[in-house]
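Note sheet for the following structure.
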Amino acid sequence: TPESTTLTNIGGGDYVTGTETITEIPWAERGSRISFAGELDTGGTASSDDWLGSVVVVNFWYAACPPCRAEAPDLESLHQQFLPDGVVFIGVDVRDEATTALAFADTFGITYPSILDTGSGEVQLAFAGQIAPNAVPTTIVLDREGRVASRIIGKIPDRSVLETLIEDVVGEEG
């Protein structure tokens, strides 16, 4: 089972951030497929069913979260880098309405959509049974079967860390 983490509340914000804990789950120990769906900030809906067969990077965030703002350029850069490999990036905005989420995307040049999980929390609940997004931000990499392969709690410590986690899953034979 994935390790537990210590959460830290950093003064000056009403968010809880992790201690940049990275969890990798070996192929044979991954749980069942995570199924989630929701309304997109760009309109329409998205479902994890649409991405089966692709590696998916799920980032839980909200606009006023300082570490979310700090890691946004790295997430977009990695999104662009892995587009040719068919890696899907999807945000999960845990607090904002569409206008705020879109303003964030515009400010930081984010080109992938986000599911608006503000009211229902359904996407967060979908992950809670296996490897909860215990802090914001949290970034989770799903393998081609929709199973959790890795998780970073807190801000991505360095772009290369997430890059390696994605490359590892892209390179799996599965």
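So you can find residues: chains in the structure tokens are A, B, ... in the order shown, residues in each start at 1, and ligands are numbered from 1 in order.
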
**Request:** Pick out the residues sitting within 6 Å of Glu39 (chain A), and hand them over as a list in words; count only C-alpha atoms, and ignore anything fewer than 3 positions along from it in its own chain.
**Result:**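 The filter keeps Gly44, Thr45, Ile115 and Leu116 of chain A.
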
**Asked** Using the chain letters and numbers from this document, which residues of region 4-172 of chain A does DSSP assign to alpha helix (DSSP H), as a ChimeraX atom specification?
**Response** /A:66-82,98-108,122-128,159-170

**Request:** Have a look at A:Val94, A:Leu162, A:Ala101, A:Leu83 and name the one nearest to Asn134 (chain A); count only C-alpha atoms.
**Result:** A:Val94

**Message:** Considering only C-alpha atoms, can you say which of A:Leu142, A:Ala63, A:Val58, A:Val148 comes closest to Gly129 (chain A)?
**Reply:**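 Of A:Leu142, A:Ala63, A:Val58, A:Val148, the one nearest Gly129 (chain A) is A:Val148, counting only C-alpha atoms.
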
**CA of Ile153 (chain A) to CA of Thr139 (chain A), straight-line distance in Å** = 6.7 Å

**Non-local contacts of Gly146 (chain A) (8 Å; only C-alpha atoms; under 5 positions in same chain excluded) as a PyMOL selection string** = chain A and resi 32-35+48+51-53+55-56

Writer output for current selection, C-alpha atoms, as a short mmCIF file (atom, residue, chain, number, x, y, z; two decimals), in the first residue's frame:
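Final file, result_32.cif:
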```
data_model
loop_
_atom_site.label_atom_id
_atom_site.label_comp_id
_atom_site.auth_asym_id
_atom_site.auth_seq_id
_atom_site.Cartn_x
_atom_site.Cartn_y
_atom_site.Cartn_z
CA SER A 32 -8.29 -1.16 -9.82
CA ARG A 33 -9.03 1.43 -12.45
CA ILE A 34 -10.11 4.86 -11.18
CA SER A 35 -13.27 6.00 -12.91
CA SER A 48 -11.69 8.83 -17.65
CA TRP A 51 -8.59 8.06 -21.97
CA LEU A 52 -8.29 4.31 -21.42
CA GLY A 53 -5.18 3.21 -23.29
CA VAL A 55 -1.19 7.61 -19.71
CA VAL A 56 -3.09 10.34 -17.82
#
```

**Request:** Determine, counting only C-alpha atoms, which protein, DNA and RNA residues have an atom within 9 Å of an atom of Asp41 (chain A); residues of the same chain fewer than 5 positions away are not included. Present the result as a PyMOL selection string.
**Result:** chain A and resi 93+97-102+113-116

Just write the chosen residues, N, CA and C atoms, as a PDB file, in the first residue's frame.
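Final output, saved to part_0.pdb:
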```pdb
ATOM      1  N   ASP A  93     -10.065  21.167 -10.718  1.00  0.00           N
ATOM      2  CA  ASP A  93     -10.166  22.377  -9.906  1.00  0.00           C
ATOM      3  C   ASP A  93     -11.115  22.089  -8.758  1.00  0.00           C
ATOM      4  N   GLU A  97     -15.067  28.328  -9.855  1.00  0.00           N
ATOM      5  CA  GLU A  97     -16.040  28.271 -10.942  1.00  0.00           C
ATOM      6  C   GLU A  97     -15.278  28.371 -12.259  1.00  0.00           C
ATOM      7  N   ALA A  98     -15.967  28.133 -13.365  1.00  0.00           N
ATOM      8  CA  ALA A  98     -15.327  28.095 -14.684  1.00  0.00           C
ATOM      9  C   ALA A  98     -14.595  29.388 -15.015  1.00  0.00           C
ATOM     10  N   THR A  99     -15.182  30.555 -14.723  1.00  0.00           N
ATOM     11  CA  THR A  99     -14.529  31.816 -15.095  1.00  0.00           C
ATOM     12  C   THR A  99     -13.184  31.978 -14.399  1.00  0.00           C
ATOM     13  N   THR A 100     -13.102  31.600 -13.137  1.00  0.00           N
ATOM     14  CA  THR A 100     -11.838  31.686 -12.402  1.00  0.00           C
ATOM     15  C   THR A 100     -10.836  30.676 -12.941  1.00  0.00           C
ATOM     16  N   ALA A 101     -11.296  29.463 -13.198  1.00  0.00           N
ATOM     17  CA  ALA A 101     -10.407  28.431 -13.734  1.00  0.00           C
ATOM     18  C   ALA A 101      -9.855  28.841 -15.098  1.00  0.00           C
ATOM     19  N   LEU A 102     -10.703  29.409 -15.935  1.00  0.00           N
ATOM     20  CA  LEU A 102     -10.250  29.845 -17.260  1.00  0.00           C
ATOM     21  C   LEU A 102      -9.294  31.025 -17.175  1.00  0.00           C
ATOM     22  N   PRO A 113      -7.672  21.138 -20.368  1.00  0.00           N
ATOM     23  CA  PRO A 113      -8.841  21.531 -19.571  1.00  0.00           C
ATOM     24  C   PRO A 113      -8.770  21.035 -18.137  1.00  0.00           C
ATOM     25  N   SER A 114      -9.684  21.555 -17.334  1.00  0.00           N
ATOM     26  CA  SER A 114      -9.842  21.109 -15.950  1.00  0.00           C
ATOM     27  C   SER A 114     -11.292  20.730 -15.694  1.00  0.00           C
ATOM     28  N   ILE A 115     -11.470  19.673 -14.937  1.00  0.00           N
ATOM     29  CA  ILE A 115     -12.789  19.301 -14.445  1.00  0.00           C
ATOM     30  C   ILE A 115     -13.096  20.183 -13.246  1.00  0.00           C
ATOM     31  N   LEU A 116     -14.297  20.742 -13.210  1.00  0.00           N
ATOM     32  CA  LEU A 116     -14.727  21.569 -12.086  1.00  0.00           C
ATOM     33  C   LEU A 116     -15.333  20.650 -11.029  1.00  0.00           C
TER      34      LEU A 116
END
```

**Message:** What's around Val87 (chain A) at 9 Å? Count only C-alpha atoms, leave out sequence neighbours fewer than 5 positions away in its own chain, and write the answer as an NGL selection string.
**Reply:** :A and (54-57 or 79 or 82 or 166 or 170)

**Prompt:** Where in region 1-141 of chain A does DSSP assign strand (DSSP E or B), given as number ranges by chain?
**Reply:** A: 8, 17, 21-24, 37-40, 45-47, 56-61, 88-93, 114-116, 138-141

**Among the residues A:Val92, A:Ile140, A:Ile25, A:Cys68, the one that comes closest to Asp117 (chain A) [using only C-alpha atoms]** =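 Closest to Asp117 (chain A), using only C-alpha atoms: A:Val92.
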
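One finds CA of Thr118 (chain A) at 26.8 Å from CA of Arg144 (chain A).
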
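When CA of Trp61 (chain A) is paired with CA of Ala128 (chain A), their separation reads 15.8 Å.
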
**Message:** Could you list, as a ChimeraX atom specification, every residue within 10 Å of region 71-77 of chain A, counting only C-alpha atoms and ignoring same-chain residues fewer than 2 positions away?
**Reply:** /A:57,59,61,66-69,79-82,89,91,104-105,107-112,137,139,154-160,162-163

Selection file, C-alpha atoms, as a PDB file, in the first residue's frame:
```pdb
ATOM      1  CA  VAL A  57      -1.669  13.041 -15.536  1.00  0.00           C
ATOM      2  CA  ASN A  59      -3.480  17.578 -11.222  1.00  0.00           C
ATOM      3  CA  TRP A  61      -5.482  22.487  -7.917  1.00  0.00           C
ATOM      4  CA  PRO A  66       0.351  29.532  -4.263  1.00  0.00           C
ATOM      5  CA  PRO A  67       2.070  26.179  -4.956  1.00  0.00           C
ATOM      6  CA  CYS A  68      -0.488  25.500  -7.717  1.00  0.00           C
ATOM      7  CA  ARG A  69       0.472  28.786  -9.339  1.00  0.00           C
ATOM      8  CA  HIS A  79       1.943  18.615 -21.274  1.00  0.00           C
ATOM      9  CA  GLN A  80       3.498  19.987 -24.463  1.00  0.00           C
ATOM     10  CA  GLN A  81       6.513  17.657 -24.181  1.00  0.00           C
ATOM     11  CA  PHE A  82       4.376  14.525 -23.863  1.00  0.00           C
ATOM     12  CA  PHE A  89      -3.210  16.050 -18.883  1.00  0.00           C
ATOM     13  CA  GLY A  91      -6.744  19.424 -14.159  1.00  0.00           C
ATOM     14  CA  PHE A 104      -5.947  30.922 -14.305  1.00  0.00           C
ATOM     15  CA  ALA A 105      -5.406  28.931 -17.501  1.00  0.00           C
ATOM     16  CA  THR A 107      -2.641  33.704 -16.994  1.00  0.00           C
ATOM     17  CA  PHE A 108      -0.370  30.639 -16.938  1.00  0.00           C
ATOM     18  CA  GLY A 109      -0.816  29.530 -20.550  1.00  0.00           C
ATOM     19  CA  ILE A 110      -2.452  26.236 -19.606  1.00  0.00           C
ATOM     20  CA  THR A 111      -3.857  24.545 -22.719  1.00  0.00           C
ATOM     21  CA  TYR A 112      -5.368  21.405 -21.179  1.00  0.00           C
ATOM     22  CA  PRO A 137      -1.825  20.505  -5.179  1.00  0.00           C
ATOM     23  CA  THR A 139      -0.502  15.247  -9.074  1.00  0.00           C
ATOM     24  CA  GLY A 154       2.284  19.039  -2.713  1.00  0.00           C
ATOM     25  CA  LYS A 155       4.029  21.127  -5.323  1.00  0.00           C
ATOM     26  CA  ILE A 156       6.056  19.237  -7.887  1.00  0.00           C
ATOM     27  CA  PRO A 157       9.527  19.458  -6.308  1.00  0.00           C
ATOM     28  CA  ASP A 158      11.210  19.780  -9.696  1.00  0.00           C
ATOM     29  CA  ARG A 159       9.971  19.455 -13.271  1.00  0.00           C
ATOM     30  CA  SER A 160      12.329  16.527 -13.838  1.00  0.00           C
ATOM     31  CA  LEU A 162       7.276  14.467 -12.753  1.00  0.00           C
ATOM     32  CA  GLU A 163       8.950  14.036 -16.133  1.00  0.00           C
TER      33      GLU A 163
END
```
